[in-house]
>>> print(open('data16.pdb').read())   # PDB, C-alpha atoms, pLDDT in the B column
ATOM      1  CA  MET N   1      22.009  29.525  -6.003  1.00 63.00           C
ATOM      2  CA  ALA N   2      21.376  26.821  -3.410  1.00 74.00           C
ATOM      3  CA  LYS N   3      24.895  25.441  -3.925  1.00 75.00           C
ATOM      4  CA  ARG N   4      26.379  28.884  -3.286  1.00 77.00           C
ATOM      5  CA  ARG N   5      24.368  29.293  -0.069  1.00 77.00           C
ATOM      6  CA  ARG N   6      25.361  25.819   1.074  1.00 77.00           C
ATOM      7  CA  ALA N   7      29.033  26.585   0.353  1.00 76.00           C
ATOM      8  CA  LYS N   8      28.845  29.850   2.306  1.00 78.00           C
ATOM      9  CA  LEU N   9      27.157  28.087   5.221  1.00 76.00           C
ATOM     10  CA  TYR N  10      29.775  25.336   5.172  1.00 75.00           C
ATOM     11  CA  PHE N  11      32.573  27.930   5.149  1.00 74.00           C
ATOM     12  CA  ALA N  12      30.976  29.828   8.052  1.00 76.00           C
ATOM     13  CA  ILE N  13      30.630  26.642  10.126  1.00 82.00           C
ATOM     14  CA  VAL N  14      34.242  25.630   9.486  1.00 77.00           C
ATOM     15  CA  PHE N  15      35.445  29.154  10.298  1.00 75.00           C
ATOM     16  CA  ILE N  16      33.489  29.315  13.578  1.00 79.00           C
ATOM     17  CA  CYS N  17      34.641  25.830  14.607  1.00 68.00           C
ATOM     18  CA  THR N  18      38.249  26.780  13.890  1.00 73.00           C
ATOM     19  CA  LEU N  19      37.954  29.938  15.990  1.00 65.00           C
ATOM     20  CA  PHE N  20      36.343  27.998  18.809  1.00 66.00           C
ATOM     21  CA  PHE N  21      39.055  25.328  18.718  1.00 64.00           C
ATOM     22  CA  LEU N  22      41.854  27.891  18.736  1.00 60.00           C
ATOM     23  CA  SER N  23      40.357  29.958  21.519  1.00 61.00           C
ATOM     24  CA  ALA N  24      39.547  26.881  23.625  1.00 56.00           C
ATOM     25  CA  SER N  25      43.080  25.552  23.336  1.00 53.00           C
ATOM     26  CA  TYR N  26      44.485  28.836  24.671  1.00 54.00           C
ATOM     27  CA  MET N  27      41.803  29.613  27.259  1.00 49.00           C
ATOM     28  CA  ASP N  28      43.799  28.197  30.140  1.00 48.00           C
ATOM     29  CA  LYS N  29      46.820  30.353  29.329  1.00 48.00           C
ATOM     30  CA  VAL N  30      46.438  33.781  30.858  1.00 48.00           C
ATOM     31  CA  ILE N  31      49.275  36.098  30.036  1.00 48.00           C
ATOM     32  CA  TYR N  32      50.329  38.594  32.678  1.00 42.00           C
ATOM     33  CA  ALA N  33      52.039  41.859  31.959  1.00 56.00           C
ATOM     34  CA  ALA N  34      55.003  41.526  34.310  1.00 68.00           C
ATOM     35  CA  LEU N  35      53.069  40.644  37.435  1.00 88.00           C
ATOM     36  CA  THR N  36      55.362  40.065  40.340  1.00 93.00           C
ATOM     37  CA  GLY N  37      54.891  37.973  43.405  1.00 94.00           C
ATOM     38  CA  THR N  38      56.566  36.822  46.593  1.00 95.00           C
ATOM     39  CA  VAL N  39      57.027  33.254  47.795  1.00 96.00           C
ATOM     40  CA  LYS N  40      55.147  32.561  51.038  1.00 95.00           C
ATOM     41  CA  VAL N  41      56.128  29.218  52.628  1.00 94.00           C
ATOM     42  CA  GLU N  42      57.233  27.852  55.996  1.00 93.00           C
ATOM     43  CA  SER N  43      60.442  26.337  54.627  1.00 91.00           C
ATOM     44  CA  LYS N  44      61.245  26.073  50.871  1.00 94.00           C
ATOM     45  CA  LEU N  45      59.089  25.857  47.730  1.00 96.00           C
ATOM     46  CA  ASN N  46      59.778  23.195  45.087  1.00 96.00           C
ATOM     47  CA  VAL N  47      59.769  24.389  41.474  1.00 97.00           C
ATOM     48  CA  ARG N  48      58.367  21.947  38.876  1.00 96.00           C
ATOM     49  CA  THR N  49      58.986  21.457  35.149  1.00 96.00           C
ATOM     50  CA  GLY N  50      55.228  21.450  34.455  1.00 95.00           C
ATOM     51  CA  PRO N  51      51.925  22.496  36.074  1.00 95.00           C
ATOM     52  CA  GLY N  52      51.412  19.610  38.502  1.00 93.00           C
ATOM     53  CA  THR N  53      53.053  17.421  41.140  1.00 93.00           C
ATOM     54  CA  ASN N  54      53.268  14.642  38.547  1.00 95.00           C
ATOM     55  CA  TYR N  55      56.004  16.702  36.810  1.00 96.00           C
ATOM     56  CA  SER N  56      59.590  16.383  37.968  1.00 96.00           C
ATOM     57  CA  LYS N  57      61.288  18.971  40.150  1.00 96.00           C
ATOM     58  CA  LEU N  58      63.290  21.595  38.289  1.00 96.00           C
ATOM     59  CA  LYS N  59      67.029  21.003  38.583  1.00 95.00           C
ATOM     60  CA  HIS N  60      69.943  23.435  38.335  1.00 95.00           C
ATOM     61  CA  ASN N  61      73.534  22.202  38.410  1.00 94.00           C
ATOM     62  CA  GLY N  62      72.238  18.763  39.401  1.00 93.00           C
ATOM     63  CA  LYS N  63      70.289  19.972  42.467  1.00 93.00           C
ATOM     64  CA  ASP N  64      66.539  20.470  43.001  1.00 95.00           C
ATOM     65  CA  VAL N  65      65.526  24.131  42.749  1.00 96.00           C
ATOM     66  CA  LYS N  66      63.821  25.245  45.968  1.00 95.00           C
ATOM     67  CA  LEU N  67      62.773  28.828  46.561  1.00 96.00           C
ATOM     68  CA  PRO N  68      63.042  30.368  50.032  1.00 95.00           C
ATOM     69  CA  ASN N  69      60.312  32.336  51.783  1.00 95.00           C
ATOM     70  CA  LYS N  70      59.997  35.989  50.591  1.00 94.00           C
ATOM     71  CA  LYS N  71      61.772  35.248  47.276  1.00 96.00           C
ATOM     72  CA  LYS N  72      60.651  37.705  44.548  1.00 95.00           C
ATOM     73  CA  VAL N  73      59.399  36.123  41.291  1.00 96.00           C
ATOM     74  CA  THR N  74      57.859  37.311  38.012  1.00 94.00           C
ATOM     75  CA  ILE N  75      54.606  35.603  37.014  1.00 94.00           C
ATOM     76  CA  VAL N  76      54.775  34.830  33.299  1.00 93.00           C
ATOM     77  CA  SER N  77      51.459  32.948  32.917  1.00 92.00           C
ATOM     78  CA  GLU N  78      48.925  30.780  34.722  1.00 91.00           C
ATOM     79  CA  LYS N  79      47.641  27.282  34.002  1.00 91.00           C
ATOM     80  CA  ASP N  80      44.960  25.814  36.242  1.00 88.00           C
ATOM     81  CA  ASP N  81      46.186  26.581  39.797  1.00 92.00           C
ATOM     82  CA  TRP N  82      49.840  26.846  38.792  1.00 95.00           C
ATOM     83  CA  TYR N  83      51.953  29.897  37.994  1.00 95.00           C
ATOM     84  CA  TYR N  84      54.697  29.731  35.389  1.00 95.00           C
ATOM     85  CA  ILE N  85      57.349  31.952  36.977  1.00 95.00           C
ATOM     86  CA  LYS N  86      60.689  33.498  36.129  1.00 95.00           C
ATOM     87  CA  PHE N  87      63.234  34.079  38.882  1.00 96.00           C
ATOM     88  CA  THR N  88      66.931  34.334  39.640  1.00 94.00           C
ATOM     89  CA  TYR N  89      68.566  31.364  41.297  1.00 93.00           C
ATOM     90  CA  ASP N  90      72.261  30.903  41.940  1.00 90.00           C
ATOM     91  CA  LYS N  91      73.050  33.893  39.637  1.00 91.00           C
ATOM     92  CA  SER N  92      70.995  32.339  36.799  1.00 93.00           C
ATOM     93  CA  THR N  93      67.564  33.263  35.415  1.00 94.00           C
ATOM     94  CA  LEU N  94      65.287  30.207  35.525  1.00 96.00           C
ATOM     95  CA  LYS N  95      61.649  29.463  34.698  1.00 96.00           C
ATOM     96  CA  GLY N  96      59.373  26.843  36.217  1.00 97.00           C
ATOM     97  CA  TYR N  97      55.978  26.085  37.752  1.00 97.00           C
ATOM     98  CA  VAL N  98      54.806  26.570  41.346  1.00 96.00           C
ATOM     99  CA  LEU N  99      51.404  26.157  42.959  1.00 95.00           C
ATOM    100  CA  SER N 100      49.734  29.585  42.979  1.00 94.00           C
ATOM    101  CA  THR N 101      48.671  29.299  46.643  1.00 94.00           C
ATOM    102  CA  TYR N 102      52.330  29.730  47.643  1.00 95.00           C
ATOM    103  CA  ILE N 103      52.773  33.010  45.733  1.00 95.00           C
ATOM    104  CA  VAL N 104      51.418  36.312  47.020  1.00 94.00           C
ATOM    105  CA  VAL N 105      50.803  38.577  44.032  1.00 92.00           C
ATOM    106  CA  ASN N 106      52.128  42.076  44.637  1.00 89.00           C
ATOM    107  CA  LYS N 107      49.452  44.761  44.533  1.00 80.00           C
ATOM    108  CA  SER N 108      51.555  47.269  42.605  1.00 65.00           C
ATOM    109  CA  THR N 109      53.575  46.141  39.654  1.00 51.00           C
ATOM    110  CA  PRO N 110      56.889  47.937  39.263  1.00 50.00           C
ATOM    111  CA  THR N 111      57.138  50.028  36.158  1.00 53.00           C
ATOM    112  CA  ALA N 112      59.588  49.086  33.488  1.00 55.00           C
ATOM    113  CA  LYS N 113      62.907  50.873  33.477  1.00 57.00           C
ATOM    114  CA  PRO N 114      63.362  53.042  30.413  1.00 60.00           C
ATOM    115  CA  THR N 115      66.002  51.803  28.030  1.00 61.00           C
ATOM    116  CA  ALA N 116      68.574  54.057  26.455  1.00 63.00           C
ATOM    117  CA  THR N 117      67.900  55.225  22.936  1.00 65.00           C
ATOM    118  CA  VAL N 118      70.768  54.450  20.629  1.00 66.00           C
ATOM    119  CA  LYS N 119      71.820  57.433  18.540  1.00 68.00           C
ATOM    120  CA  PRO N 120      73.407  56.855  15.162  1.00 67.00           C
ATOM    121  CA  THR N 121      77.130  57.667  15.208  1.00 65.00           C
ATOM    122  CA  ALA N 122      77.872  58.120  11.524  1.00 64.00           C
ATOM    123  CA  LYS N 123      76.085  60.487   9.178  1.00 66.00           C
ATOM    124  CA  PRO N 124      75.567  59.515   5.586  1.00 63.00           C
ATOM    125  CA  THR N 125      78.161  61.244   3.406  1.00 65.00           C
ATOM    126  CA  ALA N 126      77.406  60.052  -0.110  1.00 64.00           C
ATOM    127  CA  LYS N 127      75.565  62.565  -2.269  1.00 68.00           C
ATOM    128  CA  PRO N 128      74.581  62.190  -5.892  1.00 64.00           C
ATOM    129  CA  THR N 129      77.269  63.703  -8.108  1.00 62.00           C
ATOM    130  CA  THR N 130      75.556  63.846 -11.478  1.00 66.00           C
ATOM    131  CA  LYS N 131      72.228  65.193 -12.534  1.00 67.00           C
ATOM    132  CA  PRO N 132      70.258  63.679 -15.372  1.00 65.00           C
ATOM    133  CA  THR N 133      71.032  65.501 -18.613  1.00 65.00           C
ATOM    134  CA  ALA N 134      68.478  64.091 -21.039  1.00 67.00           C
ATOM    135  CA  LYS N 135      65.355  66.152 -21.529  1.00 70.00           C
ATOM    136  CA  PRO N 136      62.302  65.004 -23.396  1.00 67.00           C
ATOM    137  CA  THR N 137      62.336  66.403 -26.948  1.00 68.00           C
ATOM    138  CA  ALA N 138      59.098  65.177 -28.523  1.00 68.00           C
ATOM    139  CA  LYS N 139      56.069  67.400 -28.129  1.00 70.00           C
ATOM    140  CA  PRO N 140      52.587  66.538 -29.258  1.00 66.00           C
ATOM    141  CA  THR N 141      51.929  68.161 -32.635  1.00 67.00           C
ATOM    142  CA  ALA N 142      48.262  67.465 -33.361  1.00 66.00           C
ATOM    143  CA  LYS N 143      45.529  69.280 -31.539  1.00 69.00           C
ATOM    144  CA  PRO N 144      42.047  67.890 -31.272  1.00 66.00           C
ATOM    145  CA  THR N 145      39.901  69.426 -34.031  1.00 68.00           C
ATOM    146  CA  ALA N 146      36.425  68.012 -33.463  1.00 67.00           C
ATOM    147  CA  LYS N 147      34.103  69.992 -31.281  1.00 70.00           C
ATOM    148  CA  PRO N 148      30.715  68.793 -30.203  1.00 67.00           C
ATOM    149  CA  THR N 149      28.084  70.325 -32.480  1.00 69.00           C
ATOM    150  CA  ALA N 150      24.812  68.962 -31.150  1.00 67.00           C
ATOM    151  CA  LYS N 151      23.177  70.589 -28.205  1.00 71.00           C
ATOM    152  CA  PRO N 152      20.856  68.750 -25.854  1.00 66.00           C
ATOM    153  CA  THR N 153      17.266  69.186 -27.002  1.00 67.00           C
ATOM    154  CA  ALA N 154      15.271  67.347 -24.361  1.00 65.00           C
ATOM    155  CA  LYS N 155      13.507  69.525 -21.887  1.00 68.00           C
ATOM    156  CA  PRO N 156      12.309  68.334 -18.526  1.00 64.00           C
ATOM    157  CA  THR N 157       8.699  67.262 -18.541  1.00 66.00           C
ATOM    158  CA  ALA N 158       6.138  68.186 -15.968  1.00 67.00           C
ATOM    159  CA  LYS N 159       6.029  66.183 -12.776  1.00 70.00           C
ATOM    160  CA  PRO N 160       3.586  63.280 -12.836  1.00 70.00           C
ATOM    161  CA  LYS N 161       0.330  63.894 -11.076  1.00 75.00           C
ATOM    162  CA  PRO N 162      -0.005  61.853  -7.853  1.00 79.00           C
ATOM    163  CA  LEU N 163      -2.481  58.970  -8.050  1.00 76.00           C
ATOM    164  CA  SER N 164      -5.546  58.802  -5.905  1.00 81.00           C
ATOM    165  CA  GLU N 165      -5.868  55.807  -3.596  1.00 80.00           C
ATOM    166  CA  ALA N 166      -8.378  54.090  -5.928  1.00 81.00           C
ATOM    167  CA  GLU N 167      -6.115  54.651  -8.975  1.00 83.00           C
ATOM    168  CA  PHE N 168      -3.111  53.325  -7.049  1.00 78.00           C
ATOM    169  CA  LYS N 169      -5.013  50.130  -6.062  1.00 78.00           C
ATOM    170  CA  LYS N 170      -6.058  49.583  -9.691  1.00 80.00           C
ATOM    171  CA  LYS N 171      -2.472  49.992 -10.857  1.00 78.00           C
ATOM    172  CA  LEU N 172      -1.257  47.447  -8.273  1.00 76.00           C
ATOM    173  CA  GLN N 173      -3.951  44.941  -9.342  1.00 77.00           C
ATOM    174  CA  LYS N 174      -3.049  45.485 -13.001  1.00 79.00           C
ATOM    175  CA  GLU N 175       0.609  44.710 -12.227  1.00 77.00           C
ATOM    176  CA  GLY N 176      -0.342  41.446 -10.483  1.00 74.00           C
ATOM    177  CA  PHE N 177      -0.118  42.260  -6.772  1.00 70.00           C
ATOM    178  CA  SER N 178      -2.411  40.252  -4.565  1.00 64.00           C
ATOM    179  CA  GLU N 179      -5.044  41.879  -2.397  1.00 65.00           C
ATOM    180  CA  THR N 180      -3.014  41.297   0.773  1.00 59.00           C
ATOM    181  CA  TYR N 181      -0.460  43.821  -0.480  1.00 52.00           C
ATOM    182  CA  ILE N 182      -3.125  46.269  -1.599  1.00 51.00           C
ATOM    183  CA  GLU N 183      -5.199  46.360   1.586  1.00 53.00           C
TER
END
>>> encode(input="data16.pdb", output="C-alpha coordinates")
Amino acid sequence: MAKRRRAKLYFAIVFICTLFFLSASYMDKVIYAALTGTVKVESKLNVRTGPGTNYSKLKHNGKDVKLPNKKKVTIVSEKDDWYYIKFTYDKSTLKGYVLSTYIVVNKSTPTAKPTATVKPTAKPTAKPTTKPTAKPTAKPTAKPTAKPTAKPTAKPTAKPKPLSEAEFKKKLQKEGFSETYIE
(Lines of atoms letter the chains of each structure in order from A and count residues from 1; the text may use other names and numbers.)
(Lines give C-alpha, C1' and ligand atoms only; values in the text may rest on other atoms or scores of the structure.)
Protein backbone atom coordinates (compact mmCIF):
# COMPACT_ATOMS: atom_id res chain seq x y z
CA MET A 1 0.00 0.00 0.00
CA ALA A 2 2.84 2.39 0.81
CA LYS A 3 4.45 1.70 -2.58
CA ARG A 4 1.19 2.57 -4.35
CA ARG A 5 0.88 5.85 -2.42
CA ARG A 6 4.50 6.70 -3.15
CA ALA A 7 3.97 5.96 -6.86
CA LYS A 8 0.86 8.16 -6.97
CA LEU A 9 2.71 10.97 -5.19
CA TYR A 10 5.64 10.66 -7.58
CA PHE A 11 3.28 10.77 -10.57
CA ALA A 12 1.50 13.84 -9.18
CA ILE A 13 4.80 15.67 -8.61
CA VAL A 14 6.04 14.88 -12.12
CA PHE A 15 2.69 15.93 -13.61
CA ILE A 16 2.63 19.26 -11.73
CA CYS A 17 6.27 19.99 -12.61
CA THR A 18 5.55 19.27 -16.27
CA LEU A 19 2.55 21.61 -16.26
CA PHE A 20 4.57 24.31 -14.54
CA PHE A 21 7.43 23.96 -17.03
CA LEU A 22 5.11 24.11 -20.03
CA SER A 23 3.15 27.08 -18.74
CA ALA A 24 6.31 28.96 -17.72
CA SER A 25 7.89 28.49 -21.13
CA TYR A 26 4.84 30.04 -22.82
CA MET A 27 4.05 32.74 -20.25
CA ASP A 28 5.84 35.46 -22.16
CA LYS A 29 3.88 34.75 -25.34
CA VAL A 30 0.56 36.55 -25.25
CA ILE A 31 -1.59 35.84 -28.26
CA TYR A 32 -3.78 38.64 -29.55
CA ALA A 33 -6.94 38.14 -31.50
CA ALA A 34 -6.20 40.39 -34.47
CA LEU A 35 -5.23 43.48 -32.52
CA THR A 36 -4.25 46.28 -34.80
CA GLY A 37 -1.97 49.19 -34.21
CA THR A 38 -0.45 52.24 -35.83
CA VAL A 39 3.23 53.16 -36.03
CA LYS A 40 4.02 56.38 -34.15
CA VAL A 41 7.55 57.69 -34.88
CA GLU A 42 9.25 60.92 -35.92
CA SER A 43 10.90 59.37 -38.98
CA LYS A 44 10.94 55.59 -39.70
CA LEU A 45 10.74 52.49 -37.48
CA ASN A 46 13.23 49.64 -37.92
CA VAL A 47 11.77 46.13 -37.95
CA ARG A 48 13.88 43.38 -36.32
CA THR A 49 14.13 39.62 -36.84
CA GLY A 50 13.78 39.00 -33.08
CA PRO A 51 12.61 40.77 -29.90
CA GLY A 52 15.63 42.98 -29.19
CA THR A 53 18.14 45.41 -30.69
CA ASN A 54 20.71 42.61 -30.64
CA TYR A 55 18.75 40.97 -33.51
CA SER A 56 19.44 42.03 -37.07
CA LYS A 57 17.17 44.36 -39.01
CA LEU A 58 14.57 42.66 -41.18
CA LYS A 59 15.48 42.83 -44.87
CA HIS A 60 13.28 42.71 -47.96
CA ASN A 61 14.79 42.61 -51.44
CA GLY A 62 18.18 43.36 -49.89
CA LYS A 63 17.06 46.56 -48.09
CA ASP A 64 16.31 47.21 -44.40
CA VAL A 65 12.58 47.26 -43.69
CA LYS A 66 11.58 50.59 -42.12
CA LEU A 67 7.99 51.47 -41.38
CA PRO A 68 6.75 55.04 -41.82
CA ASN A 69 4.71 57.00 -39.29
CA LYS A 70 0.96 56.09 -39.25
CA LYS A 71 1.58 52.69 -40.91
CA LYS A 72 -1.16 50.19 -39.95
CA VAL A 73 0.06 46.85 -38.52
CA THR A 74 -1.50 43.70 -37.03
CA ILE A 75 -0.13 42.65 -33.64
CA VAL A 76 0.36 38.88 -33.69
CA SER A 77 1.94 38.43 -30.22
CA GLU A 78 4.04 40.12 -27.55
CA LYS A 79 7.35 39.16 -25.98
CA ASP A 80 8.78 41.34 -23.22
CA ASP A 81 8.39 44.91 -24.56
CA TRP A 82 8.33 43.85 -28.21
CA TYR A 83 5.41 43.24 -30.55
CA TYR A 84 5.59 40.58 -33.23
CA ILE A 85 3.71 42.27 -36.08
CA LYS A 86 2.37 41.47 -39.52
CA PHE A 87 2.21 44.21 -42.14
CA THR A 88 2.31 44.90 -45.86
CA TYR A 89 5.52 46.29 -47.27
CA ASP A 90 6.32 46.82 -50.93
CA LYS A 91 3.23 44.73 -51.92
CA SER A 92 4.39 41.83 -49.70
CA THR A 93 3.09 40.60 -46.34
CA LEU A 94 5.96 40.52 -43.83
CA LYS A 95 6.35 39.72 -40.13
CA GLY A 96 8.89 41.08 -37.67
CA TYR A 97 9.49 42.63 -34.25
CA VAL A 98 9.20 46.27 -33.18
CA LEU A 99 9.46 47.92 -29.78
CA SER A 100 5.93 48.24 -28.39
CA THR A 101 6.41 51.89 -27.36
CA TYR A 102 6.35 52.84 -31.06
CA ILE A 103 2.98 51.18 -31.73
CA VAL A 104 -0.31 52.74 -30.67
CA VAL A 105 -2.84 49.95 -30.19
CA ASN A 106 -6.17 50.79 -31.80
CA LYS A 107 -9.06 50.95 -29.35
CA SER A 108 -11.53 49.17 -31.62
CA THR A 109 -10.48 46.10 -33.50
CA PRO A 110 -12.04 45.78 -36.94
CA THR A 111 -14.34 42.83 -37.31
CA ALA A 112 -13.41 40.05 -39.63
CA LYS A 113 -14.93 40.10 -43.08
CA PRO A 114 -17.28 37.20 -43.66
CA THR A 115 -16.03 34.68 -46.16
CA ALA A 116 -18.19 33.22 -48.88
CA THR A 117 -19.68 29.82 -48.25
CA VAL A 118 -18.86 27.40 -51.01
CA LYS A 119 -21.90 25.52 -52.26
CA PRO A 120 -21.46 22.07 -53.75
CA THR A 121 -21.97 22.10 -57.52
CA ALA A 122 -22.65 18.45 -58.24
CA LYS A 123 -25.33 16.33 -56.62
CA PRO A 124 -24.68 12.68 -55.97
CA THR A 125 -26.36 10.59 -58.66
CA ALA A 126 -25.51 7.01 -57.76
CA LYS A 127 -28.32 5.09 -56.09
CA PRO A 128 -28.31 1.47 -55.02
CA THR A 129 -29.77 -0.68 -57.79
CA THR A 130 -30.31 -4.00 -56.04
CA LYS A 131 -31.99 -4.87 -52.82
CA PRO A 132 -30.86 -7.78 -50.69
CA THR A 133 -32.86 -10.89 -51.56
CA ALA A 134 -31.85 -13.36 -48.86
CA LYS A 135 -34.18 -13.62 -45.91
CA PRO A 136 -33.43 -15.50 -42.74
CA THR A 137 -35.09 -18.94 -42.84
CA ALA A 138 -34.25 -20.53 -39.49
CA LYS A 139 -36.67 -19.91 -36.65
CA PRO A 140 -36.18 -21.02 -33.09
CA THR A 141 -38.10 -24.25 -32.52
CA ALA A 142 -37.76 -24.95 -28.80
CA LYS A 143 -39.63 -22.94 -26.25
CA PRO A 144 -38.51 -22.70 -22.67
CA THR A 145 -40.42 -25.29 -20.61
CA ALA A 146 -39.24 -24.76 -17.04
CA LYS A 147 -41.22 -22.38 -14.92
CA PRO A 148 -40.22 -21.32 -11.46
CA THR A 149 -42.12 -23.42 -8.93
CA ALA A 150 -40.92 -22.13 -5.58
CA LYS A 151 -42.44 -19.03 -4.12
CA PRO A 152 -40.61 -16.78 -1.70
CA THR A 153 -41.42 -17.81 1.86
CA ALA A 154 -39.55 -15.28 3.96
CA LYS A 155 -41.66 -12.61 5.50
CA PRO A 156 -40.31 -9.32 6.74
CA THR A 157 -39.53 -9.34 10.42
CA ALA A 158 -40.45 -6.65 12.86
CA LYS A 159 -38.22 -3.62 13.08
CA PRO A 160 -35.53 -3.85 15.75
CA LYS A 161 -36.26 -1.98 18.92
CA PRO A 162 -34.01 1.09 19.37
CA LEU A 163 -31.36 0.72 22.07
CA SER A 164 -31.27 2.92 25.11
CA GLU A 165 -28.14 5.00 25.63
CA ALA A 166 -26.81 2.60 28.31
CA GLU A 167 -27.42 -0.45 26.06
CA PHE A 168 -25.72 1.31 23.14
CA LYS A 169 -22.62 2.09 25.28
CA LYS A 170 -22.44 -1.55 26.42
CA LYS A 171 -22.65 -2.76 22.83
CA LEU A 172 -19.83 -0.40 21.78
CA GLN A 173 -17.63 -1.60 24.68
CA LYS A 174 -18.38 -5.22 23.80
CA GLU A 175 -17.26 -4.59 20.20
CA GLY A 176 -13.96 -3.08 21.39
CA PHE A 177 -14.46 0.68 21.04
CA SER A 178 -12.48 2.77 23.45
CA GLU A 179 -14.14 5.12 25.91
CA THR A 180 -13.15 8.19 23.89
CA TYR A 181 -15.55 7.08 21.16
CA ILE A 182 -18.28 6.20 23.64
CA GLU A 183 -18.29 9.43 25.65
>>> atom_distance(input="data16.pdb", atom1="atom CA of Val98 of chain N", atom2="atom CA of Val47 of chain N")
5.4 Å
>>> resolve_selection(input="data16.pdb", expression="the PyMOL selection byres ((chain N and resi 46) around 7)", output="ChimeraX atom specification")
/N:44-45,47-48,57,65-67
>>> write_last_selection(input="data16.pdb", atoms="C-alpha atoms", output="short mmCIF file (atom, residue, chain, number, x, y, z; two decimals), in the coordinates of the input")
data_model
loop_
_atom_site.label_atom_id
_atom_site.label_comp_id
_atom_site.auth_asym_id
_atom_site.auth_seq_id
_atom_site.Cartn_x
_atom_site.Cartn_y
_atom_site.Cartn_z
CA LYS N 44 61.24 26.07 50.87
CA LEU N 45 59.09 25.86 47.73
CA VAL N 47 59.77 24.39 41.47
CA ARG N 48 58.37 21.95 38.88
CA LYS N 57 61.29 18.97 40.15
CA VAL N 65 65.53 24.13 42.75
CA LYS N 66 63.82 25.24 45.97
CA LEU N 67 62.77 28.83 46.56
#
>>> closest_residue(input="data16.pdb", among="N:Arg4, N:Pro68, N:Phe15, N:Pro162", to="Glu42 of chain N", atoms="all atoms listed in the file")
N:Pro68
>>> atom_distance(input="data16.pdb", atom1="atom CA of Lys70 of chain N", atom2="atom CA of Val41 of chain N")
8.1 Å
>>> atom_distance(input="data16.pdb", atom1="atom CA of Val105 of chain N", atom2="atom CA of Ser92 of chain N")
22.3 Å
>>> closest_residue(input="data16.pdb", among="N:Tyr10, N:Tyr97, N:Phe177, N:Phe87", to="Gly52 of chain N", atoms="only C-alpha atoms")
N:Tyr97
>>> closest_residue(input="data16.pdb", among="N:Ser100, N:Thr74, N:Thr18, N:Thr88", to="Gly37 of chain N", atoms="all atoms listed in the file")
N:Thr74
>>> closest_residue(input="data16.pdb", among="N:Ala166, N:Tyr89, N:Tyr84, N:Glu78", to="Lys63 of chain N", atoms="all atoms listed in the file")
N:Tyr89
>>> resolve_selection(input="data16.pdb", expression="the PyMOL selection byres ((chain N and resi 73) around 7)", output="PyMOL selection string")
chain N and resi 36-38+71-72+74-75+85-87
>>> closest_residue(input="data16.pdb", among="N:Thr49, N:Asp80, N:Gln173, N:Asp64", to="Gly96 of chain N", atoms="only C-alpha atoms")
N:Thr49
